[in-house]
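In what follows, a structure is listed as C-alpha coordinates, so that the remarks can point back to it.
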Amino acid sequence: MLTRLIGAGTTAAQLKEGLDTSSQVVRGIAHRVANAGNPDFAQALDAAQGTGAGEVDMEKEMVALADEQLRYEATANLLQKVYQQVRSSIRER
(Lines give C-alpha, C1' and ligand atoms only; values in the text may rest on other atoms or scores of the structure.)
Protein backbone atom coordinates (compact mmCIF):
# COMPACT_ATOMS: atom_id res chain seq x y z
CA MET A 1 0.00 0.00 0.00
CA LEU A 2 2.76 2.44 0.89
CA THR A 3 4.46 1.97 -2.49
CA ARG A 4 1.28 3.20 -4.17
CA LEU A 5 1.57 6.41 -2.18
CA ILE A 6 5.29 7.13 -2.45
CA GLY A 7 6.65 4.51 -4.88
CA ALA A 8 7.85 4.90 -8.46
CA GLY A 9 5.54 6.86 -10.70
CA THR A 10 3.90 8.77 -7.88
CA THR A 11 3.97 12.49 -7.28
CA ALA A 12 6.38 11.98 -4.38
CA ALA A 13 8.82 10.09 -6.61
CA GLN A 14 8.62 12.76 -9.30
CA LEU A 15 9.26 15.52 -6.79
CA LYS A 16 12.20 13.63 -5.30
CA GLU A 17 13.63 13.20 -8.78
CA GLY A 18 13.22 16.96 -9.27
CA LEU A 19 15.21 17.60 -6.09
CA ASP A 20 17.96 15.26 -7.29
CA THR A 21 18.12 17.01 -10.67
CA SER A 22 18.20 20.41 -9.01
CA SER A 23 21.08 19.29 -6.80
CA GLN A 24 23.04 18.18 -9.86
CA VAL A 25 22.44 21.53 -11.56
CA VAL A 26 23.69 23.39 -8.48
CA ARG A 27 26.81 21.18 -8.38
CA GLY A 28 27.47 22.04 -12.03
CA ILE A 29 27.11 25.76 -11.36
CA ALA A 30 29.39 25.49 -8.33
CA HIS A 31 31.98 23.62 -10.39
CA ARG A 32 31.99 26.29 -13.12
CA VAL A 33 32.23 29.13 -10.59
CA ALA A 34 34.98 27.42 -8.58
CA ASN A 35 37.06 26.83 -11.71
CA ALA A 36 36.38 30.18 -13.39
CA GLY A 37 40.00 31.35 -13.09
CA ASN A 38 41.58 28.06 -14.16
CA PRO A 39 42.98 28.30 -17.74
CA ASP A 40 42.74 24.51 -18.24
CA PHE A 41 39.08 24.65 -17.28
CA ALA A 42 38.51 27.52 -19.71
CA GLN A 43 39.91 25.41 -22.54
CA ALA A 44 37.76 22.45 -21.55
CA LEU A 45 34.73 24.74 -21.37
CA ASP A 46 35.51 26.02 -24.87
CA ALA A 47 35.70 22.49 -26.20
CA ALA A 48 32.43 21.48 -24.51
CA GLN A 49 30.52 24.56 -25.61
CA GLY A 50 32.12 24.90 -29.01
CA THR A 51 32.84 28.56 -28.36
CA GLY A 52 35.95 30.64 -28.05
CA ALA A 53 34.84 32.63 -25.03
CA GLY A 54 36.78 30.61 -22.48
CA GLU A 55 35.26 32.51 -19.60
CA VAL A 56 32.55 31.82 -17.10
CA ASP A 57 29.93 34.55 -17.00
CA MET A 58 29.64 34.99 -13.23
CA GLU A 59 26.49 37.09 -13.45
CA LYS A 60 24.79 34.44 -15.57
CA GLU A 61 25.89 31.71 -13.16
CA MET A 62 24.61 33.60 -10.11
CA VAL A 63 21.24 34.17 -11.79
CA ALA A 64 21.07 30.47 -12.66
CA LEU A 65 21.95 29.59 -9.06
CA ALA A 66 19.22 31.85 -7.66
CA ASP A 67 16.70 30.39 -10.11
CA GLU A 68 17.66 26.85 -9.18
CA GLN A 69 17.47 27.67 -5.46
CA LEU A 70 13.89 28.90 -5.89
CA ARG A 71 13.00 25.79 -7.87
CA TYR A 72 14.56 23.53 -5.22
CA GLU A 73 12.74 25.25 -2.35
CA ALA A 74 9.38 25.11 -4.14
CA THR A 75 9.85 21.42 -4.95
CA ALA A 76 10.92 20.66 -1.38
CA ASN A 77 7.80 22.40 -0.05
CA LEU A 78 5.57 20.43 -2.41
CA LEU A 79 7.24 17.17 -1.40
CA GLN A 80 6.76 18.05 2.26
CA LYS A 81 3.03 18.56 1.62
CA VAL A 82 2.79 15.22 -0.18
CA TYR A 83 4.43 13.47 2.78
CA GLN A 84 2.04 15.24 5.16
CA GLN A 85 -0.88 13.92 3.09
CA VAL A 86 0.57 10.41 3.21
CA ARG A 87 0.92 10.61 7.00
CA SER A 88 -2.65 11.85 7.25
CA SER A 89 -3.90 9.00 5.08
CA ILE A 90 -2.08 6.43 7.19
CA ARG A 91 -3.43 7.86 10.46
CA GLU A 92 -7.02 7.81 9.16
CA ARG A 93 -6.91 4.07 8.49
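Ordered as shown in the C-alpha coordinates, chains take letters A, B, and onward, while each chain numbers its residues from 1 and ligands are numbered from 1 in the order shown.
Close contacts of Ser23 in chain A, defined as residues with an atom at most 12 Å away when counting only C-alpha atoms, with chain neighbours fewer than 2 positions off set aside, comprise Lys16, Glu17, Gly18, Leu19, Asp20, Thr21, Val25, Val26, Arg27, Gly28, Ile29, Ala30, Leu65, Glu68, Gln69, Arg71, Tyr72, Glu73, Thr75 and Ala76 of chain A.
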### Query
Out of chain A, which residues get alpha helix (DSSP H) from DSSP, as a ChimeraX atom specification?
/A:2-6,11-34,39-49,58-92
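Taking CA of Ala36 in chain A as the reference point, CA of Val56 in chain A is found at 5.6 Å.
Between CA of Asn38 in chain A and CA of Glu61 in chain A there is a distance of 16.1 Å.
Using only C-alpha atoms, the nearest neighbour of Glu59 in chain A within the list A:Ile6, A:Ala44, A:Val33, A:Leu78 is A:Val33.
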### Query
Looking at A:Ala47, A:Leu79, A:Met62, A:Leu70, which one is nearest to Thr10 in chain A, with distances taken over only C-alpha atoms?
A:Leu79
### Query
Got a sec: who's within 12 Å of Gly37 in chain A, counting only C-alpha atoms, leaving out chain neighbours fewer than 4 positions off, as a PyMOL selection string?
chain A and resi 31-33+41-43+45+54-58
